[in-house]
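See below for coords00.txt, which holds compact mmCIF, C-alpha atoms.
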```
# COMPACT_ATOMS: atom_id res chain seq x y z
CA MET A 1 31.84 -18.57 7.52
CA THR A 2 31.81 -21.51 5.13
CA GLU A 3 31.52 -20.90 1.39
CA ALA A 4 29.16 -23.80 0.74
CA LEU A 5 26.83 -26.21 2.46
CA ASP A 6 28.10 -29.49 3.80
CA TYR A 7 25.46 -32.17 3.30
CA VAL A 8 26.60 -34.41 6.12
CA MET A 9 24.79 -37.51 4.85
CA GLY A 10 25.81 -36.96 1.24
CA ASP A 11 23.26 -38.60 -1.04
CA ARG A 12 22.07 -41.01 1.62
CA ARG A 13 18.37 -40.91 2.41
CA PRO A 14 16.26 -43.10 4.69
CA GLU A 15 14.72 -46.07 2.92
CA ASP A 16 10.92 -45.97 2.66
CA GLY A 17 9.40 -46.50 6.08
CA LYS A 18 12.79 -46.93 7.79
CA LEU A 19 14.94 -44.80 10.06
CA LEU A 20 18.43 -43.46 9.41
CA GLN A 21 20.49 -42.30 12.38
CA VAL A 22 21.91 -38.81 11.85
CA ALA A 23 23.37 -38.33 15.34
CA PRO A 24 23.42 -40.48 18.48
CA GLY A 25 19.81 -41.03 19.51
CA ILE A 26 18.40 -38.98 16.61
CA HIS A 27 16.77 -40.83 13.74
CA TRP A 28 15.57 -39.44 10.41
CA LEU A 29 12.31 -40.62 8.84
CA ARG A 30 11.33 -39.47 5.34
CA LEU A 31 7.69 -39.81 4.25
CA PRO A 32 6.12 -39.20 0.82
CA LEU A 33 3.98 -36.22 -0.14
CA PRO A 34 1.67 -36.08 -3.19
CA PHE A 35 2.96 -32.65 -4.23
CA SER A 36 5.81 -31.27 -6.32
CA LEU A 37 7.72 -31.20 -3.02
CA ASP A 38 7.44 -34.96 -2.70
CA HIS A 39 8.67 -35.69 0.83
CA VAL A 40 8.78 -34.44 4.40
CA ASN A 41 11.44 -35.13 7.03
CA LEU A 42 10.44 -36.26 10.50
CA TYR A 43 12.71 -37.09 13.42
CA LEU A 44 12.47 -39.64 16.22
CA LEU A 45 14.47 -38.94 19.37
CA GLU A 46 15.45 -41.76 21.71
CA ASP A 47 15.06 -41.36 25.44
CA ASP A 48 15.52 -43.78 28.34
CA ALA A 49 11.80 -43.38 29.00
CA GLY A 50 10.76 -43.98 25.39
CA TRP A 51 10.58 -41.92 22.20
CA VAL A 52 9.77 -38.37 21.13
CA ILE A 53 8.37 -37.77 17.64
CA VAL A 54 9.16 -34.45 15.94
CA ASP A 55 6.57 -33.79 13.21
CA CYS A 56 4.16 -36.34 11.83
CA GLY A 57 3.55 -36.27 8.09
CA LEU A 58 0.39 -35.91 6.05
CA ASN A 59 -2.86 -37.74 6.74
CA SER A 60 -2.48 -40.06 3.74
CA GLU A 61 -2.55 -43.81 3.29
CA ASN A 62 1.16 -43.89 2.45
CA CYS A 63 2.14 -42.00 5.58
CA ARG A 64 -0.17 -44.03 7.82
CA THR A 65 1.26 -47.27 6.40
CA ALA A 66 4.81 -46.11 7.07
CA TRP A 67 3.97 -45.06 10.62
CA THR A 68 2.25 -48.38 11.29
CA ARG A 69 5.50 -50.18 10.41
CA ILE A 70 7.54 -47.81 12.59
CA LEU A 71 5.18 -48.25 15.55
CA GLU A 72 5.29 -52.02 15.21
CA ASP A 73 8.90 -52.67 14.20
CA VAL A 74 10.86 -49.85 15.87
CA ILE A 75 8.90 -48.42 18.77
CA GLY A 76 7.18 -51.66 19.69
CA ASN A 77 6.17 -51.67 23.33
CA ASP A 78 8.24 -48.61 24.20
CA PRO A 79 6.18 -45.57 25.17
CA VAL A 80 6.02 -42.44 23.04
CA GLN A 81 6.64 -39.61 25.47
CA ALA A 82 5.61 -36.71 23.24
CA ILE A 83 4.63 -35.65 19.74
CA VAL A 84 6.19 -32.28 18.80
CA GLY A 85 4.77 -30.17 15.98
CA THR A 86 7.14 -27.54 14.63
CA HIS A 87 4.26 -25.74 12.90
CA PHE A 88 0.66 -26.22 11.85
CA HIS A 89 1.07 -27.11 8.17
CA PRO A 90 -0.55 -30.43 7.25
CA ASP A 91 2.63 -32.21 6.18
CA HIS A 92 3.97 -31.59 9.69
CA VAL A 93 0.96 -32.21 11.96
CA GLY A 94 -1.41 -34.05 9.63
CA LEU A 95 -1.12 -37.27 11.63
CA ALA A 96 -0.84 -35.75 15.11
CA GLY A 97 -4.33 -36.87 16.11
CA TRP A 98 -3.91 -40.28 14.49
CA LEU A 99 -0.60 -40.84 16.29
CA GLN A 100 -2.02 -39.63 19.57
CA ASP A 101 -4.85 -42.15 19.31
CA ARG A 102 -2.30 -44.94 18.87
CA THR A 103 0.31 -43.86 21.40
CA GLY A 104 -1.48 -41.76 24.01
CA ALA A 105 1.33 -39.21 23.75
CA PRO A 106 0.63 -35.51 24.36
CA LEU A 107 1.03 -33.01 21.53
CA TRP A 108 3.53 -30.18 22.07
CA MET A 109 3.35 -27.02 19.91
CA SER A 110 3.53 -23.28 20.25
CA ARG A 111 0.15 -21.89 21.23
CA THR A 112 -0.34 -19.88 18.04
CA GLU A 113 0.51 -22.85 15.82
CA TRP A 114 -1.89 -25.14 17.69
CA LEU A 115 -4.66 -22.53 17.56
CA ASN A 116 -4.18 -22.18 13.80
CA ALA A 117 -4.22 -25.94 13.29
CA ARG A 118 -7.34 -26.34 15.40
CA ALA A 119 -9.15 -23.40 13.76
CA TYR A 120 -8.35 -24.50 10.20
CA TYR A 121 -9.42 -28.05 10.98
CA LEU A 122 -12.74 -27.05 12.58
CA ASP A 123 -13.81 -24.27 10.20
CA THR A 124 -16.42 -25.59 7.78
CA SER A 125 -18.25 -22.27 7.46
CA ASP A 126 -19.17 -20.57 4.21
CA ASP A 127 -17.54 -17.43 5.60
CA PHE A 128 -14.14 -19.14 5.50
CA VAL A 129 -14.42 -19.87 1.79
CA ASP A 130 -16.09 -16.52 1.00
CA GLN A 131 -13.20 -14.68 2.63
CA MET A 132 -10.71 -16.71 0.58
CA VAL A 133 -12.50 -16.05 -2.72
CA GLY A 134 -12.86 -12.33 -1.98
CA PHE A 135 -9.20 -12.04 -1.04
CA TYR A 136 -7.99 -13.54 -4.32
CA GLY A 137 -10.54 -11.48 -6.27
CA ARG A 138 -9.09 -8.25 -4.85
CA LEU A 139 -5.66 -9.40 -6.02
CA GLY A 140 -6.85 -9.53 -9.62
CA LEU A 141 -7.09 -13.26 -10.22
CA GLY A 142 -10.47 -12.92 -11.94
CA GLU A 143 -12.07 -16.26 -12.75
CA ALA A 144 -9.30 -18.12 -10.93
CA SER A 145 -10.46 -16.58 -7.65
CA GLY A 146 -13.83 -18.25 -8.12
CA GLU A 147 -12.09 -21.52 -8.87
CA MET A 148 -10.60 -21.29 -5.38
CA ARG A 149 -14.06 -22.09 -4.03
CA LYS A 150 -13.69 -25.62 -5.39
CA ILE A 151 -10.61 -26.09 -3.21
CA GLY A 152 -12.52 -24.98 -0.14
CA ASN A 153 -10.94 -25.78 3.21
CA GLU A 154 -8.25 -28.06 1.84
CA TYR A 155 -6.49 -28.16 5.20
CA ARG A 156 -9.26 -30.21 6.75
CA LYS A 157 -8.86 -32.84 4.01
CA LEU A 158 -5.16 -33.29 4.70
CA VAL A 159 -5.12 -33.77 8.48
CA SER A 160 -6.50 -36.23 10.97
CA PRO A 161 -8.48 -34.55 13.77
CA ILE A 162 -6.25 -31.98 15.46
CA PRO A 163 -6.09 -32.87 19.18
CA PRO A 164 -8.40 -30.64 21.25
CA SER A 165 -5.70 -30.13 23.90
CA PHE A 166 -1.95 -29.63 23.79
CA ASN A 167 1.12 -28.76 25.82
CA ARG A 168 2.50 -25.33 25.05
CA ILE A 169 6.07 -24.77 23.91
CA GLY A 170 6.84 -21.30 25.23
CA PRO A 171 9.97 -19.15 25.47
CA ASP A 172 11.04 -20.81 28.74
CA THR A 173 10.24 -24.39 27.74
CA LEU A 174 13.17 -26.80 27.89
CA LEU A 175 12.65 -30.32 26.56
CA LYS A 176 14.98 -32.88 28.14
CA ILE A 177 15.30 -35.84 25.80
CA GLY A 178 17.98 -38.51 25.63
CA GLY A 179 20.55 -36.61 27.68
CA ARG A 180 20.07 -33.43 25.65
CA VAL A 181 18.28 -30.23 26.56
CA TRP A 182 16.36 -28.73 23.64
CA LYS A 183 15.64 -25.02 23.70
CA PRO A 184 12.97 -23.51 21.41
CA TYR A 185 13.78 -20.87 18.82
CA PHE A 186 10.70 -19.18 17.38
CA GLY A 187 10.35 -17.73 13.92
CA ALA A 188 7.56 -16.44 11.71
CA GLY A 189 7.00 -15.84 8.04
CA HIS A 190 6.49 -19.39 6.83
CA SER A 191 3.93 -19.88 9.59
CA PRO A 192 2.92 -17.62 12.48
CA ASP A 193 4.99 -19.04 15.38
CA HIS A 194 7.16 -21.85 14.03
CA VAL A 195 9.30 -23.72 16.59
CA CYS A 196 12.87 -24.84 15.96
CA LEU A 197 14.59 -26.85 18.70
CA TYR A 198 18.27 -26.38 19.55
CA SER A 199 20.62 -28.56 21.58
CA GLN A 200 23.54 -26.40 22.67
CA THR A 201 25.50 -29.36 23.99
CA ASP A 202 25.69 -31.02 20.58
CA ASN A 203 25.10 -27.90 18.44
CA ILE A 204 22.13 -29.48 16.66
CA MET A 205 19.08 -27.61 15.37
CA LEU A 206 15.78 -29.25 14.45
CA GLY A 207 14.96 -26.58 11.91
CA GLY A 208 11.55 -27.52 10.53
CA ASP A 209 10.78 -25.45 7.43
CA LEU A 210 12.55 -22.22 8.41
CA LEU A 211 16.07 -23.41 7.63
CA LEU A 212 15.77 -25.46 4.44
CA PRO A 213 19.08 -26.07 2.64
CA ARG A 214 18.11 -25.92 -1.02
CA ILE A 215 14.66 -24.45 -1.59
CA THR A 216 13.36 -21.30 0.03
CA PRO A 217 10.47 -21.78 2.46
CA ILE A 218 7.18 -20.40 1.24
CA ILE A 219 6.80 -16.89 2.65
CA ALA A 220 3.30 -15.85 1.68
CA VAL A 221 0.32 -13.70 2.63
CA TRP A 222 -2.92 -15.67 3.14
CA TRP A 223 -6.53 -14.61 3.24
CA THR A 224 -6.81 -15.20 6.99
CA GLU A 225 -4.35 -12.32 7.60
CA PRO A 226 -4.59 -10.27 4.41
CA ASP A 227 -2.43 -7.34 5.50
CA ALA A 228 0.37 -9.37 7.08
CA ASN A 229 4.06 -8.70 6.45
CA PRO A 230 5.51 -12.25 6.67
CA LEU A 231 8.70 -11.48 4.77
CA GLN A 232 9.74 -8.97 7.42
CA ASP A 233 9.02 -11.62 10.04
CA PHE A 234 11.19 -14.13 8.21
CA LEU A 235 14.05 -11.68 7.74
CA ASN A 236 13.88 -10.89 11.45
CA PHE A 237 14.28 -14.61 12.21
CA LEU A 238 17.28 -14.87 9.89
CA ALA A 239 18.87 -11.86 11.60
CA ARG A 240 18.49 -13.56 14.98
CA MET A 241 20.09 -16.75 13.65
CA GLU A 242 22.94 -14.97 11.88
CA GLY A 243 26.29 -15.57 13.53
CA SER A 244 25.44 -19.10 14.69
CA ALA A 245 28.37 -21.50 14.69
CA ASP A 246 28.85 -22.94 11.22
CA GLU A 247 29.46 -26.34 12.80
CA MET A 248 25.77 -26.44 13.76
CA LEU A 249 24.08 -29.53 12.37
CA VAL A 250 20.73 -28.44 10.91
CA LEU A 251 18.06 -31.13 10.55
CA PRO A 252 15.51 -29.60 8.15
CA GLY A 253 11.91 -30.44 7.32
CA HIS A 254 12.81 -31.17 3.68
CA ASP A 255 15.94 -32.21 1.74
CA GLY A 256 18.95 -33.35 3.81
CA PRO A 257 20.85 -32.51 7.02
CA TYR A 258 23.60 -29.94 6.54
CA ARG A 259 26.19 -27.67 8.09
CA GLY A 260 26.91 -24.10 6.96
CA ILE A 261 23.98 -22.15 8.40
CA ASN A 262 25.48 -18.70 7.80
CA PHE A 263 26.11 -19.46 4.14
CA ARG A 264 22.49 -20.56 3.87
CA ILE A 265 21.22 -17.43 5.64
CA GLY A 266 23.17 -15.32 3.17
CA ALA A 267 21.68 -17.21 0.24
CA LEU A 268 18.14 -16.78 1.58
CA ARG A 269 18.70 -13.05 2.07
CA SER A 270 20.09 -12.70 -1.46
CA HIS A 271 17.12 -14.55 -2.92
CA HIS A 272 14.62 -12.22 -1.28
CA ASP A 273 16.65 -9.11 -2.09
CA GLN A 274 16.50 -10.10 -5.75
CA ARG A 275 12.77 -10.79 -5.59
CA LEU A 276 12.18 -7.43 -3.93
CA GLU A 277 14.03 -5.70 -6.78
CA GLU A 278 12.00 -7.63 -9.36
CA ALA A 279 8.72 -6.83 -7.61
CA ALA A 280 9.60 -3.13 -7.35
CA ALA A 281 10.52 -3.05 -11.05
CA ALA A 282 7.21 -4.67 -11.95
CA CYS A 283 5.46 -1.77 -10.17
CA ALA A 284 6.84 0.81 -12.60
CA ARG A 285 3.27 1.10 -13.83
CA PRO A 286 0.18 0.33 -11.73
CA GLY A 287 -0.62 -3.36 -11.69
CA SER A 288 -2.62 -5.88 -9.74
CA ALA A 289 -0.89 -8.48 -7.59
CA ALA A 290 -1.82 -11.06 -10.24
CA GLU A 291 -0.08 -9.04 -12.96
CA ILE A 292 3.02 -8.60 -10.83
CA MET A 293 2.95 -12.30 -9.99
CA ARG A 294 3.13 -13.14 -13.70
CA ALA A 295 6.22 -10.96 -14.01
CA LEU A 296 7.88 -12.86 -11.15
CA PHE A 297 6.65 -16.37 -11.99
CA THR A 298 6.89 -16.87 -15.73
CA ARG A 299 6.18 -20.61 -15.85
CA GLU A 300 2.70 -22.09 -16.18
CA LEU A 301 1.00 -22.39 -12.80
CA ASP A 302 -1.87 -24.62 -11.76
CA LEU A 303 -4.46 -23.42 -9.25
CA HIS A 304 -2.57 -24.65 -6.19
CA GLN A 305 0.72 -23.19 -7.39
CA THR A 306 -1.05 -19.90 -8.11
CA ARG A 307 -2.07 -19.63 -4.45
CA PHE A 308 1.54 -19.99 -3.36
CA ALA A 309 2.90 -17.70 -6.07
CA ILE A 310 0.49 -14.84 -5.50
CA GLY A 311 0.93 -15.16 -1.73
CA GLU A 312 4.70 -14.88 -2.13
CA THR A 313 4.31 -11.96 -4.53
CA LEU A 314 2.13 -10.17 -2.00
CA ALA A 315 4.66 -10.81 0.78
CA HIS A 316 7.28 -8.92 -1.21
CA LEU A 317 4.86 -6.14 -2.11
CA HIS A 318 3.85 -5.68 1.53
CA LEU A 319 7.48 -5.29 2.60
CA LEU A 320 8.02 -2.75 -0.18
CA MET A 321 4.94 -0.89 1.06
CA GLN A 322 6.32 -0.87 4.60
CA ASP A 323 9.58 0.60 3.31
CA GLY A 324 7.72 3.30 1.37
CA GLU A 325 8.85 2.09 -2.05
CA VAL A 326 5.43 0.94 -3.27
CA ARG A 327 1.90 2.15 -2.64
CA ARG A 328 -1.43 0.35 -2.99
CA GLU A 329 -4.82 1.67 -4.05
CA LEU A 330 -8.19 -0.06 -4.27
CA GLY A 331 -9.77 0.60 -7.65
CA ASP A 332 -13.44 1.09 -8.42
CA ASP A 333 -13.50 -2.48 -9.73
CA GLY A 334 -12.57 -3.82 -6.28
CA THR A 335 -8.99 -4.73 -7.29
CA TYR A 336 -5.87 -3.53 -5.51
CA ARG A 337 -3.19 -2.03 -7.72
CA PHE A 338 0.41 -1.46 -6.76
CA GLU A 339 2.83 1.11 -8.13
CA ARG A 340 6.14 2.70 -7.29
CA ALA A 341 5.83 5.50 -4.79
CA ALA A 342 6.72 8.95 -6.10
```
Please re-express this file's structure in structure tokens.
Amino acid sequence: MTEALDYVMGDRRPEDGKLLQVAPGIHWLRLPLPFSLDHVNLYLLEDDAGWVIVDCGLNSENCRTAWTRILEDVIGNDPVQAIVGTHFHPDHVGLAGWLQDRTGAPLWMSRTEWLNARAYYLDTSDDFVDQMVGFYGRLGLGEASGEMRKIGNEYRKLVSPIPPSFNRIGPDTLLKIGGRVWKPYFGAGHSPDHVCLYSQTDNIMLGGDLLLPRITPIIAVWWTEPDANPLQDFLNFLARMEGSADEMLVLPGHDGPYRGINFRIGALRSHHDQRLEEAAAACARPGSAAEIMRALFTRELDLHQTRFAIGETLAHLHLLMQDGEVRRELGDDGTYRFERAA
């Protein structure tokens, strides 16, 4: 096992709207995001029959402009054989419908990820927002939970129409592209059924957001599945990946390509072990999820960051509950409180 990550491209990054080859027939595209995480990585795979696009970017003017240049200057008259979505988050499938309109290519995703994308995009009901506000209220956010109503269904604002049909990536799916066979590896925690693609021949993994080299993927509980245990799901994925060859080239959804997957798995485990200890310590006296969140996240948080932070806090609390270390009770005021189990 290596003792550090090897960033194979060093400090090199694709120029705006241009491709950078990271392996024969595999090209890296980096598009801007209007968030603190200011970019997303996409990959274009060459094939004799055309191109395959892995992830799409956000439905923003900057991303559409970049894709227009790629379609005109790189892809040209070549066909796009497929659009692959690793998971349903808007920075990864936000332009799936837009790209499909321009290329005619089918969308490939896992069924659960496509269903989530389609449901989030279509849901304009008051119930959707009411559920969200009630969820954050029970976590003790007080007035901030009501402020969530102003955000509403933000997902719908960040994506072009999610295609109404798709091709399923299932356990037995093999994608043959450019002389390589790509096998899917599924993982949950960051999203419900995230797809990574692995080429055994070249020992290359298209890792999406599950195998990021520097930051930890957001592992959070959301109002649509309020009693979920996503951290256990994520740790299960890491356990399945543990022992992979360190020579594996990981092409992540953010930051840069790297080798040293087992070192990174160890770092991710250590991070969450530490957060579990901190969350358990914060439960020495009964406290709401919001109070425990403030013990874990001491910096000032805006409304969007609060959603991520309290979701991550809850993910750690739910795993502690599963392990019998923490218990939860609903108070007369409608707020859950967590404390160390006797």
Could you name the residues that touch range 165-172 of chain A at 9 Å or less, counting only C-alpha atoms, but leaving out those on the same chain fewer than 6 positions away, as number ranges by chain?
A: 106-111, 114, 183-186, 195
Set the distance at 9 Å and use all atoms listed in the file: which residues neighbour Arg269 in chain A once local chain neighbours fewer than 4 positions away are removed? I'd like the list as a tab-separated table (two decimals) with C-alpha atoms, in the frame of the given file.
```tsv
chain	number	residue	atom	x	y	z
A	235	LEU	CA	14.05	-11.68	7.74
A	238	LEU	CA	17.28	-14.87	9.89
A	264	ARG	CA	22.49	-20.56	3.87
A	265	ILE	CA	21.22	-17.43	5.64
A	273	ASP	CA	16.65	-9.11	-2.09
A	274	GLN	CA	16.50	-10.10	-5.75
```
Can you tell me, as lines of an AutoDock Vina configuration file, the centre and edge lengths (Å, one decimal) of the axis-aligned box enclosing all of range 84-98 of chain A's listed atoms after padding each side by 5 Å?
```
center_x = 1.4
center_y = -33.0
center_z = 12.5
size_x = 21.5
size_y = 24.5
size_z = 22.6
```
*Straight-line distance linking CA of Arg149 in chain A with CA of Thr306 in chain A, stated in Å to one decimal*: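 Separating CA of Arg149 in chain A from CA of Thr306 in chain A is a distance of 13.8 Å.
For the set A:Gly331, A:Arg340, A:Arg285, A:Asp209, the residue with the smallest atom-to-atom gap to Val250 in chain A is A:Asp209, counting only C-alpha atoms.
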- Report the distance between CA of Pro161 in chain A and CA of Tyr121 in chain A in Å, rounded to one decimal place.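 Straight-line distance from CA of Pro161 in chain A to CA of Tyr121 in chain A works out to 7.1 Å.
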Write out as a tab-separated table (two decimals) with C-alpha atoms, in the frame of the given file which residues come within 12 Å of Asp323 in chain A when counting all atoms listed in the file, dropping same-chain ones fewer than 5 positions away.
```tsv
chain	number	residue	atom	x	y	z
A	229	ASN	CA	4.06	-8.70	6.45
A	232	GLN	CA	9.74	-8.97	7.42
A	276	LEU	CA	12.18	-7.43	-3.93
A	280	ALA	CA	9.60	-3.13	-7.35
A	316	HIS	CA	7.28	-8.92	-1.21
A	317	LEU	CA	4.86	-6.14	-2.11
A	318	HIS	CA	3.85	-5.68	1.53
A	340	ARG	CA	6.14	2.70	-7.29
A	341	ALA	CA	5.83	5.50	-4.79
```
